[in-house]
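A short write-up of the structure that comes next.
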Amino acid sequence: MTNPSLLILPGDGIGPEVMAEVRKIIDWFGAKRGLAFDVSEDLVGGAAYDAHGTPLHDDTMARAQEVDAVLLGAVGGPKYDALDFSVKPERGLLRLRKEMDLFSNLRPAQCFDALADFSSLKKEVVAGLDIMIVRELTSGVYFGEPRGIFREGNERVGINTQRYTESEIARVARSAFDLAMKRGKKLCSMEKANVMESGILWREVVTEVGREYPEVELSHMYADAGAMQLTRWPKQFDVIVTDNLFGDLLSDLAAMLTGSLGMLPSASLGAPMANGRPKALYEPVHGSAPDIAGHGKANPIACILSFAMALRYSFDLGEEAVRLETAIERVLADGLRTADLMGPEGGSPVSTSGMGDAILAALDDSL
Ligand code: IPM
Ligand code: MG
């Protein structure tokens, strides 16, 4: 039997630093759990632009289509701000999502007990928080046509189009209902049906799909009210399903409830491949953080938790995912903190690799 294959795309900024810690974790599972992965590494984003003049080389795209899972660090940075839109680092990531057809983006927001004090919200509001945002990832205003900057008379006009087909809404809704069935059986769908036709259709289709899931309690909320409710009392939610742009905003908001963007992983899933596994890309929710890149300050936990999601969703290794998540909880409970997890009063943060090593030690203890 061949080993499951992983394509690693560290990308830009802190991407390579946090991914180096993930490599250590992957090696640990190979050495200590007999779970060998066939790992290859390639460039994406600004790093790929520097080498090839494109944020994603066709060969890398082809490889991403073949492997069992892709693990991505982060893309972008000020160095690339002036580039033409078509070759900006972000276009590499968006091409991966689109061509792999990764329509369902799972963004959990979980508050680790050890970090409940660190949230900008009151401890009782966030302690024990465990919600999942399912963001549609391959359509909506991110990809709709027409788009562009056009001349209209003597001025320019910038155009993007929010566009959703029924089948696009139905498939992401189904993935959210399936997840809700495995969790608290509660799903809240968010759109702006009060001002957008695409929102009206979204609400109708989600309601129709909901008839296939009578056990799931379905509710609907306007996305602006959803943002307000997320900060007021986030624990009222279990699974949230929403479109590409609202999902982008709401997942950053939900992430911050947990204390740090440096903690949150994500999985982007598509249709099942021939081997039954979903097409999949895993990445931290945080960006490339160019301001701290190269200083060993970055928190590798979001990227490591993204690998835990890969164990769970791509490789059916839920127990090993829990082992890794528990090791991370242990390390945090022991008081270890990277710089992003320091309160205003400060303290002495551990480095990126220090955090990775501590997680490895906790994994050893789990045996
Ligand atoms: C995200 C990011 C991306 C997005 C960027 C980097 C293209 O913000 O994954 O949330 O807008 O989807
Ligand atoms: Mg975002």
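Identifiers for the structure tokens are assigned positionally: chains receive A, B, ... in sequence, residues are indexed from 1 per chain, and ligands are indexed from 1 in the order shown.
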
Worksheet entry | Site check for ligand 1: residues at most 7 Å away, only C-alpha atoms and all ligand atoms, as a ChimeraX atom specification | /A:75,90,93-94,248,285,287

Mind writing the picked residues with N, CA and C atoms as a compact mmCIF listing (two decimals), in the first residue's frame?
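Once everything was written out, this is selection09.txt:
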```txt
# COMPACT_ATOMS: atom_id res chain seq x y z
N VAL A 75 -0.15 33.32 2.41
CA VAL A 75 0.36 34.03 1.23
C VAL A 75 0.22 35.54 1.41
N GLU A 90 -2.30 36.34 -3.40
CA GLU A 90 -3.63 35.80 -3.07
C GLU A 90 -4.26 35.05 -4.24
N LEU A 93 -3.68 31.28 -4.04
CA LEU A 93 -4.58 30.58 -3.11
C LEU A 93 -5.99 30.46 -3.71
N LEU A 94 -6.46 31.55 -4.31
CA LEU A 94 -7.81 31.52 -4.87
C LEU A 94 -7.90 30.54 -6.04
N ASP A 248 -15.91 35.20 5.21
CA ASP A 248 -14.57 35.76 5.42
C ASP A 248 -14.58 36.68 6.64
N VAL A 285 -6.18 30.08 9.68
CA VAL A 285 -7.02 31.23 9.31
C VAL A 285 -6.18 32.50 9.24
N GLY A 287 -3.07 35.15 8.50
CA GLY A 287 -2.35 35.47 7.27
C GLY A 287 -0.85 35.33 7.43
```

Report as a PDB file with C-alpha atoms, in the first residue's frame which protein, DNA and RNA residues come within 9 Å of ligand 2, using only C-alpha atoms and all ligand atoms.
```pdb
ATOM      1  CA  LEU A 245     -17.635  37.198   1.716  1.00  0.00           C
ATOM      2  CA  GLY A 247     -17.879  33.966   5.861  1.00  0.00           C
ATOM      3  CA  ASP A 248     -14.568  35.764   5.416  1.00  0.00           C
ATOM      4  CA  LEU A 249     -15.679  38.531   7.806  1.00  0.00           C
ATOM      5  CA  LEU A 250     -17.571  36.424  10.328  1.00  0.00           C
ATOM      6  CA  SER A 251     -14.775  33.873  10.646  1.00  0.00           C
ATOM      7  CA  ASP A 252     -12.228  36.580  11.521  1.00  0.00           C
ATOM      8  CA  VAL A 285      -7.020  31.227   9.306  1.00  0.00           C
ATOM      9  CA  HIS A 286      -4.283  33.769  10.033  1.00  0.00           C
ATOM     10  CA  GLY A 287      -2.352  35.471   7.269  1.00  0.00           C
TER      11      GLY A 287
END
```

Taking the chain letters and numbering used in this document, name the residues of region 277-350 of chain A that DSSP puts in strand (DSSP E), as a PDB file with C-alpha atoms, in the first residue's frame.
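Here's the written file states27.pdb:
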```
ATOM      1  CA  PRO A 278     -12.674  14.633  -0.228  1.00  0.00           C
ATOM      2  CA  LYS A 279     -10.428  16.948  -2.197  1.00  0.00           C
ATOM      3  CA  ALA A 280      -8.906  18.964   0.614  1.00  0.00           C
ATOM      4  CA  LEU A 281      -6.721  21.896   1.505  1.00  0.00           C
ATOM      5  CA  TYR A 282      -5.865  22.777   5.099  1.00  0.00           C
ATOM      6  CA  GLU A 283      -4.589  26.153   6.213  1.00  0.00           C
ATOM      7  CA  PRO A 284      -4.476  28.392   9.271  1.00  0.00           C
TER       8      PRO A 284
END
```

Worksheet item: In Å, with one decimal, what is the gap from CA of Arg337 (chain A) to CA of Phe237 (chain A)?
Response: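 Separation between CA of Arg337 (chain A) and CA of Phe237 (chain A): 28.2 Å.
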
Item to complete: Compile the contact shell of region 166-181 of chain A as JSON, numbers by chain: residues with an atom at most 12 Å away, counting only C-alpha atoms, same-chain residues fewer than 6 positions apart removed.
Response: {"A": [101, 102, 103, 104, 105, 106, 107, 108, 131, 132, 133, 134, 135, 136, 137, 138, 139, 140, 187, 188, 189, 190, 191, 198, 199, 200, 201, 202, 203, 204, 205, 206, 207, 208, 209, 210, 211, 212, 213, 214, 215, 216, 217, 218, 219, 237, 238, 239, 240, 241, 242, 243, 244, 268, 269, 270, 271, 278, 313]}

What are the nearest atom pairs, with distances in Å to one decimal, for all residues of region 35-123 of chain A that come at most 12 Å from region 314-320 of chain A, using only C-alpha atoms, set out by chain and rising residue number as a Markdown table?
```
| residue | atom | partner | partner_atom | distance |
| --- | --- | --- | --- | --- |
| A:Leu35 | CA | A:Glu320 | CA | 9.9 |
| A:Ala36 | CA | A:Phe315 | CA | 11.8 |
| A:Phe37 | CA | A:Phe315 | CA | 10.5 |
| A:Val67 | CA | A:Ser314 | CA | 10.8 |
| A:Asp68 | CA | A:Ser314 | CA | 7.1 |
| A:Ala69 | CA | A:Ser314 | CA | 6.8 |
| A:Val70 | CA | A:Ser314 | CA | 10.0 |
| A:Leu71 | CA | A:Ser314 | CA | 11.4 |
```

Any chance you can output those residues with N, CA and C atoms as an mmCIF file, in the first residue's frame?
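Written output follows (again_39.cif):
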```cif
data_model
loop_
_atom_site.group_PDB
_atom_site.id
_atom_site.type_symbol
_atom_site.label_atom_id
_atom_site.label_comp_id
_atom_site.auth_asym_id
_atom_site.auth_seq_id
_atom_site.Cartn_x
_atom_site.Cartn_y
_atom_site.Cartn_z
ATOM 1 N N LEU A 35 2.630 6.202 11.062
ATOM 2 C CA LEU A 35 1.780 6.842 10.053
ATOM 3 C C LEU A 35 2.659 7.658 9.104
ATOM 4 N N ALA A 36 3.233 6.952 8.141
ATOM 5 C CA ALA A 36 4.137 7.642 7.230
ATOM 6 C C ALA A 36 3.338 8.330 6.126
ATOM 7 N N PHE A 37 3.682 9.579 5.863
ATOM 8 C CA PHE A 37 3.069 10.321 4.767
ATOM 9 C C PHE A 37 4.107 10.540 3.682
ATOM 10 N N VAL A 67 -2.725 14.889 -5.008
ATOM 11 C CA VAL A 67 -2.410 14.422 -3.654
ATOM 12 C C VAL A 67 -3.680 14.216 -2.824
ATOM 13 N N ASP A 68 -3.507 13.528 -1.695
ATOM 14 C CA ASP A 68 -4.647 13.292 -0.805
ATOM 15 C C ASP A 68 -5.024 14.544 -0.036
ATOM 16 N N ALA A 69 -4.038 15.398 0.247
ATOM 17 C CA ALA A 69 -4.354 16.653 0.942
ATOM 18 C C ALA A 69 -3.242 17.671 0.723
ATOM 19 N N VAL A 70 -3.637 18.930 0.696
ATOM 20 C CA VAL A 70 -2.681 20.038 0.584
ATOM 21 C C VAL A 70 -2.675 20.773 1.917
ATOM 22 N N LEU A 71 -1.480 21.143 2.375
ATOM 23 C CA LEU A 71 -1.348 21.922 3.599
ATOM 24 C C LEU A 71 -0.669 23.235 3.227
#
```

Item to complete: Give me the residues within 7 Å of Ile149 (chain A) as a list of chain:residue names, counting only C-alpha atoms and dropping any in the same chain fewer than 3 places off.
Response: A:Arg156, A:Val157, A:Gly158, A:Ile159

Worksheet entry | Pairwise distance for CA of Glu325 (chain A) and CA of Gly76 (chain A), rounded to one decimal in Å | 27.9 Å

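Among the candidates A:Lys186, A:Lys122, A:His57, A:Arg151, the residue lying nearest to Thr231 (chain A) is A:Lys122 (atoms considered: only C-alpha atoms).
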
Practice prompt. Go through region 163-247 of chain A and collect every residue that DSSP, computed from the backbone, puts in alpha helix (DSSP H); the answer should be as a ChimeraX atom specification.
Written response: /A:166-182,197-210,223-232,244-247

Practice prompt. Mind giving me the straight-line distance from CA of Gly335 (chain A) to CA of Cys111 (chain A) in Å, one decimal?
Written response: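 According to the coordinates, CA of Gly335 (chain A) and CA of Cys111 (chain A) are separated by 15.3 Å.
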
Worksheet item: Could you pull the residues within 10 Å of Pro10 (chain A), counting only C-alpha atoms, minus those fewer than 2 positions along the same chain, as a ChimeraX atom specification?
Response: /A:7-8,12-20,41-45,47,71-75,283,288

Worksheet item: Which polymer residues have any atom within 7 Å of an atom of region 290-297 of chain A, counting only C-alpha atoms, with same-chain residues fewer than 5 positions away left out, as a PyMOL selection string?
Response: chain A and resi 13-14+77+338-339+351-352

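The residue that comes closest to Gln236 (chain A), out of A:Leu129, A:Met342, A:Met309, A:Met100 and on the basis of only C-alpha atoms, is A:Leu129.
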
Item to complete: Might you pull out every residue within 8 Å of Ala127 (chain A), with only C-alpha atoms counted and same-chain residues fewer than 2 positions away left off, and present them as a count of residues only?
Response: 8
